[in-house]
Amino acid sequence: MQTIVSRGNLICGVNSVLPGFGNVDSAGEFSGFDIDFCKAVAAAIFDDPNAVEYRPLTAQERFTAVQTGEVDVLIRNTTFTLGRDGDVGLDFAPVTFYDGQGMMVRADSGITTLEDMDGARVCVQTGTTTELNLADQFRARNLNFEAVVFQESDPALAAFEAGQCDGYTTDKSGLVSSFTKLSNPGDFVILDVTLSKEPLGPSVLQGDAQWADAVEWIVYATIQAEEFGITSENIGEFEASDNPDIRRFLGLESELGAGIGLPNDFAARVIRAVGNYEEIYNRNLGPDTPFNLPRGQNALYTEGGILYSPPFR
């Protein structure tokens, strides 16, 4: 934390080629669901969501960048797994997006299930859980396949579109995002099958408990704000609340932030700058975007999902 504060900005490892989650436009502006969580961390520390240096990383580069200190936090559609928590040496914040791996095929291929893909060629990005899950799922079904691997997702998608593969696999969120890059999106379909659990979330290097706690509670702040009904637009009204839970949450009472190295009003800073979880989700993935992804598991526990924040007390 002191390194970041002394530097004056946050260095956030991100994706730059995944619309909806992490993407950079022709003007060099970053946007997306993960990008907004980078902004949330910067807002909590500096009261400035723009105090961020975005470091685009490939799937192969991302863990080394955390391990060497090239980035302070990795927020790049990365799956929380035991191996990454242990062998790779990451500490994960709460899951920001519950996902699952899917499979895209051509609409006229006649393929409707994985069993129809015996002997298929499948385009996949290497160095990912996606590649491992693909092998596991086909092996479990006694199916033969050939993995056609690529270092990056865009070349894998382009090869699939060009007919080099019978299928293209990645997280379902990534498959939905890829429709924005296909020349004729109607020529392709996503199979009604889920190959894996893919809980995505921020991660930091193990060994700094306070920094890990800070990122963890910044994420929780966006979820708890949605549960309270606090948004970037109405937060001023809640600052006059007599509810002790809300007053603690906004840093108007108690000294909760100090214990994790953050200003006491860190949650209020986050909500003013980027909004609550619902605002972040809808801005990047919701009904007014090209993706229109239903909340599903990513709804609050009170709304049939599994998002849940521990108490701010």
# chains A, B, ... in the order shown; residues from 1 in each chain; ligands from 1

$ select_by_dssp --residues "region 55-93 of chain A" --states "helix (DSSP H, G or I)" --output "list in words"
Arg62, Phe63, Thr64, Ala65, Val66, Gln67, Leu82, Gly83, Arg84, Asp85 and Gly86 of chain A

$ closest_atom_pairs --of "region 57-85 of chain A" --to "region 97-100 of chain A" --cutoff "12 Å" --atoms "only C-alpha atoms" --output "CSV"
residue,atom,partner,partner_atom,distance
A:Ile75,CA,A:Phe97,CA,11.2
A:Arg76,CA,A:Phe97,CA,11.2
A:Asn77,CA,A:Phe97,CA,8.5
A:Thr78,CA,A:Phe97,CA,9.9
A:Thr79,CA,A:Asp99,CA,8.8
A:Phe80,CA,A:Tyr98,CA,10.1

$ residues_around --residues "Asn243 (chain A)" --least-positions-apart "5" --cutoff "12 Å" --atoms "only C-alpha atoms" --output "VMD selection string"
chain A and resid 228 238 248 to 250 252 to 253

$ write_last_selection --atoms "C-alpha atoms" --output "PDB file, in the first residue's frame"
ATOM      1  CA  PHE A 228     -28.269  -1.164   0.664  1.00  0.00           C
ATOM      2  CA  PHE A 238     -27.723   8.051   2.412  1.00  0.00           C
ATOM      3  CA  ARG A 248     -20.336   2.567   9.253  1.00  0.00           C
ATOM      4  CA  PHE A 249     -20.333   1.527   5.601  1.00  0.00           C
ATOM      5  CA  LEU A 250     -19.920   5.116   4.396  1.00  0.00           C
ATOM      6  CA  LEU A 252     -19.358   8.305   8.939  1.00  0.00           C
ATOM      7  CA  GLU A 253     -18.880   6.279  12.123  1.00  0.00           C
TER       8      GLU A 253
END

$ residues_around --residues "Ser203 (chain A)" --least-positions-apart "2" --cutoff "6 Å" --atoms "only C-alpha atoms" --output "ChimeraX atom specification"
/A:73-74,91-93

$ residues_around --residues "Leu157 (chain A)" --least-positions-apart "3" --cutoff "9 Å" --atoms "only C-alpha atoms" --output "VMD selection string"
chain A and resid 123 to 124 153 to 154 160 to 162 168 to 169 178 181 to 182

$ write_last_selection --atoms "N, CA and C atoms" --output "compact mmCIF listing (two decimals), in the first residue's frame"
# COMPACT_ATOMS: atom_id res chain seq x y z
N CYS A 123 -10.29 -24.68 -31.51
CA CYS A 123 -9.39 -23.55 -31.30
C CYS A 123 -9.49 -23.11 -29.83
N VAL A 124 -8.33 -22.90 -29.19
CA VAL A 124 -8.31 -22.57 -27.77
C VAL A 124 -7.06 -21.77 -27.45
N SER A 153 -6.43 -14.75 -27.61
CA SER A 153 -7.80 -15.14 -27.95
C SER A 153 -8.22 -14.68 -29.35
N ASP A 154 -7.80 -13.48 -29.76
CA ASP A 154 -8.24 -12.96 -31.06
C ASP A 154 -7.78 -13.84 -32.22
N PHE A 160 -10.90 -19.85 -36.02
CA PHE A 160 -12.19 -20.55 -35.99
C PHE A 160 -13.13 -19.98 -37.05
N GLU A 161 -13.20 -18.66 -37.13
CA GLU A 161 -14.08 -18.02 -38.11
C GLU A 161 -13.66 -18.37 -39.53
N ALA A 162 -12.36 -18.57 -39.74
CA ALA A 162 -11.85 -18.89 -41.07
C ALA A 162 -12.03 -20.36 -41.43
N TYR A 168 -14.78 -23.35 -31.09
CA TYR A 168 -13.95 -22.38 -30.38
C TYR A 168 -14.44 -22.34 -28.94
N THR A 169 -13.53 -22.50 -27.98
CA THR A 169 -13.93 -22.56 -26.58
C THR A 169 -13.21 -21.53 -25.73
N SER A 178 -17.20 -12.23 -28.06
CA SER A 178 -16.61 -12.46 -29.38
C SER A 178 -17.60 -12.19 -30.51
N LYS A 181 -16.95 -9.28 -32.61
CA LYS A 181 -15.77 -9.30 -33.48
C LYS A 181 -15.98 -10.13 -34.74
N LEU A 182 -17.06 -10.92 -34.79
CA LEU A 182 -17.31 -11.78 -35.94
C LEU A 182 -17.95 -10.99 -37.08

$ closest_residue --among "A:Asn184, A:Arg295, A:Ser26, A:Val219" --to "Val270 (chain A)" --atoms "only C-alpha atoms"
A:Val219

$ select_by_dssp --residues "region 127-181 of chain A" --states "strand (DSSP E)" --output "number ranges by chain"
A: 145-150, 167-171

$ residues_around --residues "Gly22 (chain A)" --least-positions-apart "6" --cutoff "10 Å" --atoms "only C-alpha atoms" --output "VMD selection string"
chain A and resid 14 to 16 30 to 36 56 75 to 77 284

$ write_last_selection --atoms "N, CA and C atoms" --output "short mmCIF file (atom, residue, chain, number, x, y, z; two decimals), in the first residue's frame"
data_model
loop_
_atom_site.label_atom_id
_atom_site.label_comp_id
_atom_site.auth_asym_id
_atom_site.auth_seq_id
_atom_site.Cartn_x
_atom_site.Cartn_y
_atom_site.Cartn_z
N VAL A 14 -4.45 -5.90 -16.90
CA VAL A 14 -5.77 -6.03 -17.51
C VAL A 14 -5.71 -6.74 -18.86
N ASN A 15 -6.87 -7.08 -19.36
CA ASN A 15 -7.04 -7.51 -20.74
C ASN A 15 -7.34 -6.27 -21.57
N SER A 16 -6.89 -6.26 -22.81
CA SER A 16 -7.17 -5.10 -23.66
C SER A 16 -7.91 -5.48 -24.93
N PHE A 30 -9.35 2.82 -22.05
CA PHE A 30 -9.73 1.50 -21.57
C PHE A 30 -11.16 1.54 -21.02
N SER A 31 -11.87 0.44 -21.22
CA SER A 31 -13.23 0.34 -20.68
C SER A 31 -13.55 -1.12 -20.44
N GLY A 32 -14.56 -1.36 -19.60
CA GLY A 32 -15.01 -2.71 -19.35
C GLY A 32 -15.28 -2.97 -17.88
N PHE A 33 -15.89 -4.11 -17.61
CA PHE A 33 -16.25 -4.54 -16.27
C PHE A 33 -15.01 -4.60 -15.37
N ASP A 34 -13.95 -5.28 -15.83
CA ASP A 34 -12.73 -5.38 -15.04
C ASP A 34 -12.06 -4.02 -14.87
N ILE A 35 -12.11 -3.21 -15.90
CA ILE A 35 -11.51 -1.88 -15.84
C ILE A 35 -12.17 -1.05 -14.75
N ASP A 36 -13.48 -1.19 -14.60
CA ASP A 36 -14.18 -0.43 -13.56
C ASP A 36 -13.74 -0.87 -12.16
N PRO A 56 -1.67 -3.85 -20.11
CA PRO A 56 -2.25 -4.98 -20.85
C PRO A 56 -1.33 -6.20 -20.76
N ILE A 75 -6.52 -7.69 -12.58
CA ILE A 75 -7.98 -7.75 -12.75
C ILE A 75 -8.21 -8.00 -14.24
N ARG A 76 -8.07 -9.27 -14.61
CA ARG A 76 -8.02 -9.64 -16.03
C ARG A 76 -8.72 -10.98 -16.24
N ASN A 77 -10.04 -11.03 -16.15
CA ASN A 77 -10.83 -12.26 -16.37
C ASN A 77 -10.01 -13.51 -16.04
N ASN A 284 -21.50 -2.19 -18.37
CA ASN A 284 -20.59 -2.93 -19.25
C ASN A 284 -21.20 -4.17 -19.89
#

$ residues_around --residues "Val204 (chain A)" --least-positions-apart "5" --cutoff "10 Å" --atoms "only C-alpha atoms" --output "PDB file with N, CA and C atoms, in the first residue's frame"
ATOM      1  N   PHE A  63       0.612 -13.874 -14.747  1.00  0.00           N
ATOM      2  CA  PHE A  63       1.039 -14.301 -13.415  1.00  0.00           C
ATOM      3  C   PHE A  63       2.461 -13.835 -13.108  1.00  0.00           C
ATOM      4  N   VAL A  66       2.444 -10.314 -11.830  1.00  0.00           N
ATOM      5  CA  VAL A  66       2.123 -10.190 -10.403  1.00  0.00           C
ATOM      6  C   VAL A  66       3.317 -10.610  -9.564  1.00  0.00           C
ATOM      7  N   GLN A  67       3.930 -11.727  -9.916  1.00  0.00           N
ATOM      8  CA  GLN A  67       5.032 -12.276  -9.128  1.00  0.00           C
ATOM      9  C   GLN A  67       6.242 -11.346  -9.078  1.00  0.00           C
ATOM     10  N   GLY A  69       6.084  -8.035  -9.409  1.00  0.00           N
ATOM     11  CA  GLY A  69       5.725  -6.703  -8.959  1.00  0.00           C
ATOM     12  C   GLY A  69       5.518  -5.713 -10.086  1.00  0.00           C
ATOM     13  N   VAL A  71       2.844  -5.387 -11.729  1.00  0.00           N
ATOM     14  CA  VAL A  71       1.524  -4.825 -11.470  1.00  0.00           C
ATOM     15  C   VAL A  71       1.198  -4.983  -9.991  1.00  0.00           C
ATOM     16  N   ASP A  72       0.373  -4.084  -9.484  1.00  0.00           N
ATOM     17  CA  ASP A  72      -0.058  -4.141  -8.081  1.00  0.00           C
ATOM     18  C   ASP A  72      -1.192  -5.129  -7.891  1.00  0.00           C
ATOM     19  N   VAL A  73      -2.057  -5.208  -8.897  1.00  0.00           N
ATOM     20  CA  VAL A  73      -3.224  -6.074  -8.823  1.00  0.00           C
ATOM     21  C   VAL A  73      -3.547  -6.546 -10.233  1.00  0.00           C
ATOM     22  N   LEU A  74      -3.997  -7.792 -10.341  1.00  0.00           N
ATOM     23  CA  LEU A  74      -4.398  -8.364 -11.620  1.00  0.00           C
ATOM     24  C   LEU A  74      -5.910  -8.433 -11.659  1.00  0.00           C
ATOM     25  N   ILE A  75      -6.523  -7.694 -12.578  1.00  0.00           N
ATOM     26  CA  ILE A  75      -7.981  -7.751 -12.754  1.00  0.00           C
ATOM     27  C   ILE A  75      -8.209  -8.005 -14.238  1.00  0.00           C
ATOM     28  N   ASP A  85      -3.915 -20.193  -6.390  1.00  0.00           N
ATOM     29  CA  ASP A  85      -3.829 -19.713  -5.016  1.00  0.00           C
ATOM     30  C   ASP A  85      -2.589 -20.278  -4.334  1.00  0.00           C
ATOM     31  N   GLY A  89       1.066 -18.590  -6.289  1.00  0.00           N
ATOM     32  CA  GLY A  89       1.322 -17.606  -5.239  1.00  0.00           C
ATOM     33  C   GLY A  89       0.461 -16.366  -5.313  1.00  0.00           C
ATOM     34  N   LEU A  90      -0.820 -16.553  -5.672  1.00  0.00           N
ATOM     35  CA  LEU A  90      -1.736 -15.422  -5.727  1.00  0.00           C
ATOM     36  C   LEU A  90      -2.684 -15.461  -4.534  1.00  0.00           C
ATOM     37  N   ASP A  91      -3.130 -14.300  -4.119  1.00  0.00           N
ATOM     38  CA  ASP A  91      -4.243 -14.178  -3.182  1.00  0.00           C
ATOM     39  C   ASP A  91      -5.404 -13.562  -3.952  1.00  0.00           C
ATOM     40  N   PHE A  92      -6.537 -14.246  -3.969  1.00  0.00           N
ATOM     41  CA  PHE A  92      -7.689 -13.776  -4.734  1.00  0.00           C
ATOM     42  C   PHE A  92      -8.630 -12.963  -3.859  1.00  0.00           C
ATOM     43  N   ALA A  93      -9.153 -11.904  -4.446  1.00  0.00           N
ATOM     44  CA  ALA A  93     -10.240 -11.134  -3.835  1.00  0.00           C
ATOM     45  C   ALA A  93     -11.542 -11.894  -4.088  1.00  0.00           C
ATOM     46  N   ALA A 209      -0.797  -9.196   3.612  1.00  0.00           N
ATOM     47  CA  ALA A 209      -2.178  -9.420   4.033  1.00  0.00           C
ATOM     48  C   ALA A 209      -3.012  -8.146   3.984  1.00  0.00           C
ATOM     49  N   TRP A 211      -2.727  -5.489   1.984  1.00  0.00           N
ATOM     50  CA  TRP A 211      -3.073  -5.130   0.612  1.00  0.00           C
ATOM     51  C   TRP A 211      -4.149  -6.072   0.075  1.00  0.00           C
ATOM     52  N   ALA A 212      -4.029  -7.360   0.368  1.00  0.00           N
ATOM     53  CA  ALA A 212      -5.048  -8.311  -0.058  1.00  0.00           C
ATOM     54  C   ALA A 212      -6.394  -7.981   0.578  1.00  0.00           C
ATOM     55  N   VAL A 215      -8.044  -4.861  -1.214  1.00  0.00           N
ATOM     56  CA  VAL A 215      -8.695  -5.177  -2.485  1.00  0.00           C
ATOM     57  C   VAL A 215      -9.972  -5.980  -2.234  1.00  0.00           C
ATOM     58  N   GLU A 216      -9.907  -6.909  -1.273  1.00  0.00           N
ATOM     59  CA  GLU A 216     -11.072  -7.731  -0.947  1.00  0.00           C
ATOM     60  C   GLU A 216     -12.269  -6.878  -0.534  1.00  0.00           C
TER      61      GLU A 216
END

$ atom_distance --atom1 "CA of Pro244 (chain A)" --atom2 "CA of Ser309 (chain A)"
16.8 Å

$ closest_residue --among "A:Leu205, A:Val193, A:Leu285, A:Ala43" --to "Asn298 (chain A)" --atoms "only C-alpha atoms"
A:Leu285

$ closest_residue --among "A:Gln151, A:Ser241, A:Ser232, A:Thr96" --to "Tyr220 (chain A)" --atoms "only C-alpha atoms"
A:Thr96

$ closest_residue --among "A:Glu198, A:Asp47, A:Asp192, A:Asp245" --to "Asp171 (chain A)" --atoms "only C-alpha atoms"
A:Glu198

$ atom_distance --atom1 "CA of Glu146 (chain A)" --atom2 "CA of Asp187 (chain A)"
22.5 Å

$ atom_distance --atom1 "CA of Ile45 (chain A)" --atom2 "CA of Gly20 (chain A)"
24.8 Å
